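The file protein21.txt comes next; it holds compact mmCIF, C-alpha atoms.
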# COMPACT_ATOMS: atom_id res chain seq x y z
CA MET A 6 307.11 207.55 60.44
CA LYS A 7 304.25 208.97 58.30
CA LYS A 8 304.98 212.37 56.74
CA THR A 9 303.39 214.59 54.15
CA PHE A 10 305.33 214.99 50.91
CA THR A 11 307.03 218.36 50.56
CA ILE A 12 306.86 220.02 47.16
CA ALA A 13 310.65 219.87 46.81
CA PHE A 14 310.77 216.17 47.64
CA PHE A 15 307.95 215.40 45.20
CA ILE A 16 309.78 217.26 42.45
CA SER A 17 312.98 215.31 43.17
CA LEU A 18 311.09 212.04 42.90
CA THR A 19 309.29 213.06 39.75
CA LEU A 20 312.17 214.53 37.80
CA GLY A 21 315.37 212.88 39.02
CA CYS A 22 318.19 212.83 36.46
CA ASN A 23 315.97 211.82 33.53
CA ALA A 24 312.50 212.93 32.58
CA GLN A 25 309.78 210.61 33.82
CA THR A 26 307.31 209.80 31.06
CA PHE A 27 304.76 207.24 30.01
CA GLU A 28 307.09 206.19 27.19
CA ASN A 29 309.83 205.04 29.59
CA ARG A 30 307.28 203.67 32.08
CA PHE A 31 308.40 206.26 34.65
CA THR A 32 311.43 204.04 35.30
CA ARG A 33 314.05 204.93 37.91
CA SER A 34 316.97 203.20 39.59
CA LEU A 35 315.81 201.17 42.59
CA HIS A 36 318.85 202.48 44.48
CA ASP A 37 317.76 206.09 43.95
CA VAL A 38 314.17 205.32 44.93
CA MET A 39 315.31 203.64 48.15
CA GLU A 40 317.52 206.62 48.98
CA ASP A 41 314.56 208.97 48.47
CA VAL A 42 312.25 206.76 50.55
CA MET A 43 314.73 206.76 53.43
CA ARG A 44 314.77 210.56 53.41
CA GLN A 45 311.02 210.93 53.00
CA PHE A 46 310.05 208.56 55.83
CA ASN A 47 313.12 209.16 58.00
CA ILE A 48 314.02 205.48 58.07
CA ARG A 49 317.16 203.41 57.54
CA LEU A 50 317.30 200.46 55.16
CA LYS A 51 319.93 197.79 55.77
CA TYR A 52 320.71 195.48 52.86
CA ASP A 53 323.58 193.60 51.23
CA MET A 54 322.43 193.37 47.61
CA ASP A 55 323.56 195.67 44.76
CA THR A 56 320.56 197.80 43.82
CA THR A 57 322.32 200.30 41.55
CA GLY A 58 321.72 198.40 38.33
CA LEU A 59 318.12 197.46 39.11
CA LYS A 60 315.46 199.50 37.29
CA LEU A 61 312.01 200.02 38.80
CA PRO A 62 309.16 200.85 36.39
CA TYR A 63 306.40 203.23 37.54
CA ALA A 64 308.73 203.93 40.44
CA ASN A 65 307.21 207.10 41.89
CA PHE A 66 303.68 205.81 41.52
CA ARG A 67 304.52 203.01 43.94
CA ILE A 68 305.10 205.50 46.76
CA ARG A 69 302.36 205.69 49.38
CA PRO A 70 302.95 208.87 51.41
CA TYR A 71 300.71 207.57 54.19
CA SER A 72 302.43 204.18 54.67
CA VAL A 73 306.09 203.20 54.79
CA GLU A 74 305.05 199.53 54.93
CA GLU A 75 303.06 199.69 51.68
CA THR A 76 305.73 201.80 50.02
CA LEU A 77 308.52 199.34 50.83
CA SER A 78 306.42 196.42 49.71
CA ASN A 79 305.53 198.14 46.44
CA ILE A 80 309.10 199.07 45.49
CA LEU A 81 310.78 195.84 46.63
CA SER A 82 308.38 193.10 45.57
CA PRO A 83 309.16 193.32 41.82
CA PHE A 84 312.68 192.13 42.67
CA ASP A 85 311.66 189.40 45.13
CA PHE A 86 312.96 191.52 48.01
CA LYS A 87 310.95 192.04 51.17
CA PRO A 88 311.12 194.54 54.04
CA VAL A 89 311.45 193.22 57.58
CA TYR A 90 311.05 195.71 60.42
CA GLN A 91 313.82 195.55 63.02
CA GLN A 92 313.53 198.29 65.66
CA GLY A 93 313.40 202.07 65.92
CA ASN A 94 313.58 203.43 62.37
CA LEU A 95 315.57 200.47 61.01
CA TRP A 96 314.28 198.10 58.35
CA LYS A 97 316.15 195.18 56.79
CA VAL A 98 315.73 194.37 53.12
CA LYS A 99 315.96 190.62 52.53
CA ARG A 100 315.88 188.41 49.49
CA PHE A 101 312.91 186.08 49.24
CA GLU A 102 313.62 182.86 51.14
CA TYR A 103 311.39 179.96 50.21
CA PRO A 104 311.99 178.00 53.46
CA ARG A 105 311.77 181.00 55.82
CA ARG A 106 308.76 183.06 56.76
CA GLN A 107 307.86 185.27 59.71
CA PRO A 108 306.34 184.15 63.05
CA GLU A 109 302.99 185.64 62.06
CA ASP A 110 303.02 183.54 58.88
CA GLY A 111 303.61 180.47 61.03
CA ARG A 112 300.63 181.29 63.23
CA LYS A 113 298.42 181.80 60.20
CA LEU A 114 299.53 178.49 58.69
CA ILE A 115 298.92 176.64 61.97
CA ASN A 116 295.41 178.11 62.13
CA TYR A 117 294.74 177.12 58.53
CA LEU A 118 296.01 173.57 59.00
CA SER A 119 293.98 173.19 62.20
CA SER A 120 290.82 174.12 60.28
CA LEU A 121 291.30 171.08 58.03
CA TYR A 122 290.53 168.52 60.75
CA ASN A 123 288.42 168.47 63.87
CA ASN A 124 288.66 164.86 64.96
CA ARG A 125 290.89 161.82 64.78
CA LYS A 126 289.31 160.41 61.61
CA GLN A 127 289.77 163.65 59.67
CA TRP A 128 293.30 164.07 60.97
CA GLU A 129 294.37 160.53 60.07
CA ALA A 130 293.07 160.94 56.52
CA ARG A 131 295.16 164.10 56.21
CA ARG A 132 298.16 162.44 57.90
CA ASP A 133 298.15 159.40 55.61
CA SER A 134 297.91 161.58 52.53
CA LEU A 135 300.77 163.79 53.78
CA CYS A 136 303.06 160.84 54.44
CA ARG A 137 302.45 159.40 50.98
CA GLU A 138 303.06 162.72 49.25
CA VAL A 139 306.20 163.46 51.26
CA ARG A 140 307.70 160.15 50.13
CA GLN A 141 306.77 160.92 46.54
CA LEU A 142 308.19 164.45 46.63
CA LEU A 143 311.35 163.21 48.31
CA GLU A 144 311.66 160.54 45.57
CA ILE A 145 313.21 158.15 48.04
CA ASP A 146 311.48 154.83 47.36
CA PRO A 147 313.17 154.02 44.01
CA LEU A 148 316.55 154.60 45.69
CA LEU A 149 315.69 152.44 48.71
CA GLU A 150 314.78 149.61 46.36
CA LYS A 151 318.23 149.82 44.74
CA CYS A 152 320.22 149.88 48.00
CA SER A 153 323.01 147.39 48.61
CA ASN A 154 322.30 144.45 50.89
CA GLU A 155 325.95 143.93 51.79
CA THR A 156 326.66 143.60 55.51
CA PRO A 157 328.25 146.82 56.83
CA GLN A 158 331.87 146.69 57.93
CA VAL A 159 332.76 147.56 61.53
CA THR A 160 335.99 148.26 63.39
CA LYS A 161 337.12 146.78 66.67
CA ILE A 162 335.22 147.86 69.77
CA ARG A 163 336.83 150.58 71.93
CA LYS A 164 335.95 150.26 75.61
CA PHE A 165 335.33 153.22 77.91
CA GLU A 166 333.74 153.78 81.31
CA GLY A 167 330.23 152.35 81.02
CA TYR A 168 330.03 152.25 77.22
CA THR A 169 331.80 151.20 74.03
CA VAL A 170 332.33 152.75 70.59
CA GLN A 171 332.99 151.23 67.18
CA ASN A 172 332.96 152.76 63.73
CA PHE A 173 331.20 151.41 60.66
CA CYS A 174 331.00 151.74 56.89
CA MET A 175 327.76 150.87 55.10
CA LYS A 176 327.25 150.67 51.34
CA THR A 177 324.00 152.34 50.32
CA VAL A 178 323.08 153.12 46.70
CA ASN A 179 324.82 153.97 43.42
CA GLY A 180 328.22 153.08 44.87
CA HIS A 181 327.92 155.45 47.83
CA THR A 182 328.63 154.71 51.48
CA VAL A 183 327.71 156.19 54.85
CA LYS A 184 330.12 156.10 57.77
CA GLY A 185 329.46 156.63 61.45
CA SER A 186 329.89 155.33 64.98
CA ILE A 187 327.92 153.07 67.30
CA TYR A 188 327.84 153.91 71.01
CA ALA A 189 326.67 150.91 73.06
CA PRO A 190 326.06 150.33 76.78
CA ALA A 191 328.43 148.37 78.99
CA ASN A 192 325.92 148.30 81.84
CA SER A 193 325.69 144.86 83.38
CA LYS A 194 322.78 145.83 85.64
CA LEU A 195 320.53 146.84 82.75
CA LYS A 196 321.67 143.90 80.65
CA LYS A 197 320.37 141.59 83.34
CA ILE A 198 317.10 143.49 83.85
CA TRP A 199 316.38 143.86 80.14
CA LYS A 200 317.65 140.39 79.23
CA GLY A 201 320.21 141.85 76.85
CA LYS A 202 317.74 143.97 74.88
CA TYR A 203 318.57 147.69 74.69
CA PRO A 204 316.67 150.61 73.18
CA LEU A 205 318.12 152.03 69.95
CA ILE A 206 318.40 155.76 69.17
CA ILE A 207 319.26 156.95 65.65
CA CYS A 208 321.02 160.33 65.95
CA PRO A 209 321.21 162.35 62.70
CA ASN A 210 323.67 165.23 62.80
CA GLY A 211 323.02 168.95 62.46
CA HIS A 212 325.35 171.67 61.27
CA PHE A 213 327.08 172.20 64.59
CA LEU A 214 330.85 172.59 64.68
CA ASN A 215 332.79 169.44 63.72
CA GLY A 216 329.63 167.42 63.07
CA ARG A 217 329.64 163.98 64.63
CA TYR A 218 333.26 164.39 65.70
CA GLY A 219 332.49 167.34 68.01
CA LYS A 220 332.61 167.24 71.79
CA VAL A 221 328.90 167.97 72.24
CA GLN A 222 327.85 165.08 70.01
CA GLN A 223 330.17 162.65 71.78
CA GLN A 224 328.98 163.80 75.19
CA ARG A 225 325.34 163.19 74.29
CA LEU A 226 325.75 159.81 72.64
CA GLY A 227 328.24 158.56 75.21
CA THR A 228 325.95 159.57 78.08
CA LEU A 229 322.88 157.97 76.50
CA ALA A 230 324.91 154.80 75.95
CA ARG A 231 326.11 154.81 79.56
CA MET A 232 322.46 155.02 80.64
CA GLY A 233 321.50 152.03 78.51
CA ALA A 234 320.76 153.04 74.91
CA ILE A 235 322.53 151.96 71.74
CA CYS A 236 323.10 155.18 69.78
CA VAL A 237 324.22 155.61 66.17
CA ASP A 238 325.43 158.78 64.52
CA TYR A 239 326.62 159.26 60.95
CA ASP A 240 328.02 161.94 58.66
CA LEU A 241 325.93 164.52 56.89
CA TRP A 242 326.06 164.16 53.11
CA GLY A 243 329.16 166.03 51.98
CA TRP A 244 330.51 166.42 55.54
CA GLY A 245 333.20 164.43 57.33
CA GLU A 246 334.08 161.21 55.56
CA SER A 247 331.24 161.76 53.12
CA GLU A 248 332.98 164.93 51.92
CA GLU A 249 335.92 162.81 50.83
CA GLU A 250 333.56 160.73 48.70
CA VAL A 251 331.22 163.32 47.12
CA GLY A 252 332.85 166.70 47.88
CA SER A 253 331.68 169.49 50.18
CA LYS A 254 329.54 171.15 47.49
CA ALA A 255 327.29 168.07 47.45
CA HIS A 256 325.91 169.13 50.80
CA GLN A 257 324.26 172.20 49.28
CA THR A 258 322.07 170.12 46.95
CA SER A 259 318.67 168.48 46.88
CA GLU A 260 320.50 165.15 46.68
CA ALA A 261 321.69 165.74 50.26
CA HIS A 262 318.07 166.01 51.39
CA VAL A 263 317.31 162.55 50.04
CA MET A 264 320.57 160.80 50.88
CA GLN A 265 320.66 161.86 54.53
CA ILE A 266 317.18 160.43 55.09
CA LEU A 267 318.00 157.33 53.06
CA ASN A 268 321.11 156.81 55.22
CA GLY A 269 319.05 157.06 58.40
CA VAL A 270 316.52 154.52 57.15
CA ARG A 271 319.20 152.09 56.00
CA ILE A 272 321.09 152.34 59.28
CA LEU A 273 317.84 151.54 61.10
CA ASP A 274 317.26 148.57 58.75
CA TRP A 275 320.65 147.22 59.79
CA MET A 276 320.67 148.02 63.49
CA ILE A 277 317.15 146.81 64.24
CA GLN A 278 318.24 143.29 63.26
CA ARG A 279 320.80 143.13 66.08
CA LYS A 280 319.96 140.61 68.77
CA ASP A 281 320.64 143.18 71.50
CA VAL A 282 318.12 145.74 70.16
CA ASP A 283 314.62 146.04 71.62
CA LYS A 284 312.37 146.65 68.60
CA THR A 285 309.71 148.25 70.82
CA ARG A 286 312.04 151.07 71.89
CA ILE A 287 313.40 152.83 68.81
CA GLY A 288 314.15 156.54 69.14
CA VAL A 289 315.32 159.35 66.88
CA ASN A 290 317.03 162.49 68.16
CA GLY A 291 318.96 165.35 66.57
CA GLY A 292 319.43 169.10 66.83
CA SER A 293 319.10 171.93 64.30
CA GLY A 294 319.40 170.30 60.85
CA GLY A 295 319.52 166.99 62.71
CA GLY A 296 316.19 167.95 64.26
CA THR A 297 314.75 168.52 60.80
CA GLN A 298 315.97 165.05 59.86
CA THR A 299 314.46 163.70 63.08
CA VAL A 300 311.01 164.93 62.05
CA LEU A 301 311.35 163.67 58.48
CA LEU A 302 312.61 160.25 59.56
CA SER A 303 309.60 159.92 61.88
CA VAL A 304 307.34 160.64 58.87
CA ILE A 305 309.14 158.25 56.52
CA ASP A 306 309.56 155.30 58.90
CA ASN A 307 306.89 154.14 61.35
CA ARG A 308 309.28 151.87 63.26
CA PHE A 309 310.33 154.77 65.47
CA THR A 310 308.57 154.77 68.84
CA ALA A 311 309.96 158.01 70.34
CA SER A 312 311.01 161.29 68.70
CA CYS A 313 312.97 164.24 70.07
CA PRO A 314 313.70 167.12 67.65
CA VAL A 315 315.86 169.85 69.23
CA VAL A 316 315.96 173.57 68.24
CA SER A 317 314.47 172.90 64.83
CA MET A 318 310.75 172.18 64.59
CA SER A 319 308.89 175.28 63.39
CA ALA A 320 305.80 176.31 61.46
CA TRP A 321 307.62 179.23 59.82
CA PHE A 322 311.04 177.79 58.98
CA ASP A 323 311.58 174.64 56.94
CA GLY A 324 315.38 174.54 57.28
CA GLY A 325 317.74 176.93 55.55
CA CYS A 326 320.04 174.33 53.98
CA PRO A 327 319.17 172.31 50.85
CA CYS A 328 319.90 169.20 52.93
CA GLU A 329 316.70 170.12 54.82
CA SER A 330 314.61 171.73 52.11
CA GLY A 331 316.15 170.71 48.79
CA LYS A 332 313.05 168.74 47.81
CA PRO A 333 309.63 170.48 47.94
CA ILE A 334 308.15 168.30 50.66
CA GLN A 335 306.42 171.31 52.29
CA LEU A 336 304.11 171.41 49.26
CA ALA A 337 302.59 168.08 50.28
CA GLY A 338 298.89 168.19 50.99
CA GLY A 339 298.52 171.57 49.31
CA GLY A 340 300.96 173.10 51.79
CA THR A 341 302.37 171.94 55.11
CA CYS A 342 305.20 172.66 57.55
CA ASN A 343 307.50 170.81 59.92
CA ALA A 344 305.05 171.25 62.79
CA GLU A 345 302.34 169.33 60.94
CA LEU A 346 304.86 166.72 59.81
CA ALA A 347 305.96 166.29 63.43
CA ALA A 348 302.30 165.86 64.43
CA ALA A 349 302.14 162.78 62.18
CA PHE A 350 304.03 160.99 64.97
CA ALA A 351 301.03 161.18 67.31
CA PRO A 352 300.23 159.51 69.64
CA LYS A 353 303.75 158.12 70.22
CA PRO A 354 305.99 159.93 72.76
CA MET A 355 307.61 163.09 71.48
CA MET A 356 309.48 165.95 73.12
CA VAL A 357 310.26 169.22 71.32
CA VAL A 358 313.12 171.35 72.67
CA SER A 359 312.98 175.05 71.78
CA ASP A 360 314.70 178.30 72.73
CA GLY A 361 314.21 182.06 72.56
CA GLY A 362 316.95 182.82 70.06
CA ASP A 363 315.91 181.11 66.82
CA TRP A 364 312.89 179.99 64.79
CA THR A 365 311.63 177.89 67.73
CA SER A 366 311.00 181.01 69.83
CA GLU A 367 307.23 180.79 69.24
CA THR A 368 306.91 177.07 70.02
CA PRO A 369 305.19 177.38 73.44
CA LYS A 370 302.56 179.74 72.00
CA SER A 371 302.03 178.26 68.57
CA GLU A 372 303.50 174.89 67.57
CA TYR A 373 303.19 173.18 70.97
CA PRO A 374 299.47 173.94 71.51
CA TYR A 375 298.90 172.70 67.96
CA LEU A 376 300.71 169.42 68.72
CA GLN A 377 298.70 169.06 71.93
CA ARG A 378 295.51 169.40 69.93
CA ILE A 379 296.53 166.58 67.59
CA TYR A 380 297.59 164.35 70.49
CA GLY A 381 294.25 165.22 72.10
CA PHE A 382 292.49 163.41 69.26
CA TYR A 383 293.98 160.26 70.85
CA ASP A 384 293.48 161.38 74.48
CA GLN A 385 297.28 161.32 74.79
CA LYS A 386 298.24 164.96 75.37
CA GLU A 387 300.69 163.82 78.03
CA HIS A 388 302.73 162.04 75.35
CA VAL A 389 303.90 165.28 73.78
CA LYS A 390 306.14 167.67 75.74
CA ASN A 391 307.92 170.95 75.13
CA ILE A 392 311.01 172.10 76.98
CA HIS A 393 311.42 175.80 76.20
CA LEU A 394 314.57 177.73 77.14
CA PRO A 395 313.63 181.38 76.48
CA LYS A 396 317.00 182.87 77.44
CA GLU A 397 319.06 180.50 75.30
CA ARG A 398 320.02 180.60 71.64
CA HIS A 399 320.58 178.12 68.84
CA ASP A 400 322.91 175.36 70.07
CA PHE A 401 322.91 171.91 71.65
CA GLY A 402 324.09 173.14 75.03
CA PRO A 403 323.91 171.40 78.42
CA ASN A 404 320.29 172.36 79.17
CA LYS A 405 319.18 170.99 75.82
CA ARG A 406 321.14 167.79 76.36
CA ASN A 407 319.73 167.41 79.87
CA ALA A 408 316.22 167.72 78.44
CA VAL A 409 317.05 164.92 75.98
CA TYR A 410 318.39 162.73 78.79
CA GLU A 411 315.25 163.24 80.89
CA PHE A 412 313.00 162.40 77.96
CA PHE A 413 314.72 159.12 77.19
CA ILE A 414 315.10 158.22 80.87
CA GLU A 415 311.34 158.51 81.18
CA THR A 416 310.41 157.03 77.80
CA PHE A 417 312.93 154.18 77.59
CA SER A 418 313.54 153.61 81.34
CA LEU A 419 317.24 154.46 81.08
CA ASP A 420 319.48 154.32 84.16
CA ARG A 421 319.58 157.82 85.65
CA ALA A 422 322.41 156.80 88.00
CA MET A 423 324.72 156.65 84.97
CA LEU A 424 323.99 160.23 83.90
CA ASP A 425 327.42 161.88 84.08
CA GLU A 426 328.88 163.62 81.02
CA ASP A 427 332.27 163.89 82.73
CA LYS A 428 332.62 160.11 82.39
CA VAL A 429 332.54 160.34 78.58
CA THR A 430 335.91 160.16 76.83
CA ILE A 431 336.20 162.73 74.03
CA GLU A 432 337.98 161.02 71.14
CA THR A 433 339.85 162.62 68.27
CA GLU A 434 338.26 162.93 64.85
CA ASN A 435 340.74 160.38 63.56
CA ALA A 436 339.62 157.85 66.17
CA LEU A 437 335.98 158.21 65.04
CA ARG A 438 336.72 157.81 61.34
CA TYR A 439 336.25 154.40 59.78
CA ASN A 440 339.52 152.57 59.25
CA PRO A 441 339.27 148.84 58.43
CA LYS A 442 342.70 148.29 60.03
CA LYS A 443 341.56 149.55 63.43

I need this file expressed as structure tokens, please.
Amino acid sequence: MKKTFTIAFFISLTLGCNAQTFENRFTRSLHDVMEDVMRQFNIRLKYDMDTTGLKLPYANFRIRPYSVEETLSNILSPFDFKPVYQQGNLWKVKRFEYPRRQPEDGRKLINYLSSLYNNRKQWEARRDSLCREVRQLLEIDPLLEKCSNETPQVTKIRKFEGYTVQNFCMKTVNGHTVKGSIYAPANSKLKKIWKGKYPLIICPNGHFLNGRYGKVQQQRLGTLARMGAICVDYDLWGWGESEEEVGSKAHQTSEAHVMQILNGVRILDWMIQRKDVDKTRIGVNGGSGGGTQTVLLSVIDNRFTASCPVVSMSAWFDGGCPCESGKPIQLAGGGTCNAELAAAFAPKPMMVVSDGGDWTSETPKSEYPYLQRIYGFYDQKEHVKNIHLPKERHDFGPNKRNAVYEFFIETFSLDRAMLDEDKVTIETENALRYNPKK
């Protein structure tokens, strides 16, 4: 892709439609410069932004005839655009994304973070500082102090094969509510063995189709309940029943980042008081944006004893929605990432599920060895696992759900004999919505 400038091409760059002079800072249209660069280096640039009206000062002097990479960086960086190589002669021009980097950036950050601590004492000092700063940056504590103490309202229990479901409405803060559903076991064998005490799993939602009302979500929670776990899911801020309260635009705000975590903490506050909950077995599990919430909840609340983030945890992607990255929590400790935040859960059991088609594609080579190192400070490497599905893409498909089931079967001693998604009844969205008359 490296070529020598031809005299004709140089003249076209230098003259263009207007004379290039010191007085006008040798300014040219970015669009024209990009067109010239494509011809000069025989490359294609793919982009969706309007470059016609953008003016680039000292435009021709930014060209490096020996390097397309340096040239693209020089002409794009003044506008917060960046070049990302695709394949062949194709490059993509992207706007700067504060929560998204490249895999190589993730590896560099992991190496930097690892250099900050070489033993358990050093790590725990860093961990404690991170957790404090994350809470401060999230600005959650003043809101938690103002939360309502009213007992949540629940609907009648609906009975299915091996489990039950009931909906709830909980008042939180500033007049807001969170609504969701509780999936509970109807397993007489485990009730007798465990003396009526079941593990609890808080299940924050991601951005998958239909949210908590979707088939995949119901399959997972219903199956976990059949195997012996009480599971709770709830609406994203500005989704589902929350949308009716605050509007859909509220989801794309920093407020969503705080309120979704606040809702998870408050639901745990309520559920952990139930007489049928075993306080020593408290899990958190979600996928995609729900996986981001899973990691953050495990940082905010030390009552969790098992964590399972799915297709989310990455050193080079913080979450593309403001509900995941609306507050600058990745600036804690002078700079962190979701992989280091997940490591704060050590040495308690954690399983990370990743795939080859999203920002978790590097997990087996980068994030997982890093987590193993942290767990090694406690001689508990076996407590952190990674299930990687290299041929799969970003979803919460059957292989991901099966990985979740195996993790909680092993960690919480669930009843494997009850693992059968076909036994789960898929309810309508209306059935899962809170209605005090139900």

- Task: Work out how far apart CA of Val389 (chain A) and CA of Leu376 (chain A) are and give it in Å to one decimal.
- Result: 7.3 Å

- Please provide the set of residues having any atom within 12 Å of Asn215 (chain A), restricted to all atoms listed in the file, with same-chain residues fewer than 2 positions apart removed, written as a list of chain:residue names.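 Residues meeting the cut-off are A:Asn210, A:Gly211, A:His212, A:Phe213, A:Arg217, A:Tyr218, A:Gly219, A:Lys220, A:Val221, A:Gln222, A:Gln223, A:Asp240, A:Leu241, A:Trp244, A:Gly245, A:Glu246, A:Thr433, A:Glu434, A:Leu437.
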
- Message: Here's a test: counting only C-alpha atoms, identify every protein, DNA and RNA residue with an atom at most 12 Å from (312.7, 177.6, 61.4) in the file's coordinate frame, and state them as an MDAnalysis selection string.
- Response: chainID A and resid 102:108 110:111 293:294 296:297 315:326 329:330 342:344 359:360 362:368 372 399

Closest atom pairs, region 295-402 of chain A residues within 12 Å of region 195-204 of chain A, only C-alpha atoms, as a Markdown table:
| residue | atom | partner | partner_atom | distance |
| --- | --- | --- | --- | --- |
| A:Phe309 | CA | A:Pro204 | CA | 10.8 |
| A:Thr310 | CA | A:Pro204 | CA | 10.1 |
| A:Ala311 | CA | A:Pro204 | CA | 10.4 |

I need the chosen residues saved as a PDB file, in the frame of the given file, with C-alpha atoms.
ATOM      1  CA  PHE A 309     310.330 154.770  65.470  1.00  0.00           C
ATOM      2  CA  THR A 310     308.570 154.770  68.840  1.00  0.00           C
ATOM      3  CA  ALA A 311     309.960 158.010  70.340  1.00  0.00           C
TER       4      ALA A 311
END

- Query: From the set A:Tyr375, A:Leu95, A:Glu74, A:Arg271, which residue has the shortest atom-to-atom contact distance to Glu155 (chain A), counting all atoms listed in the file?
  - Reply: A:Arg271
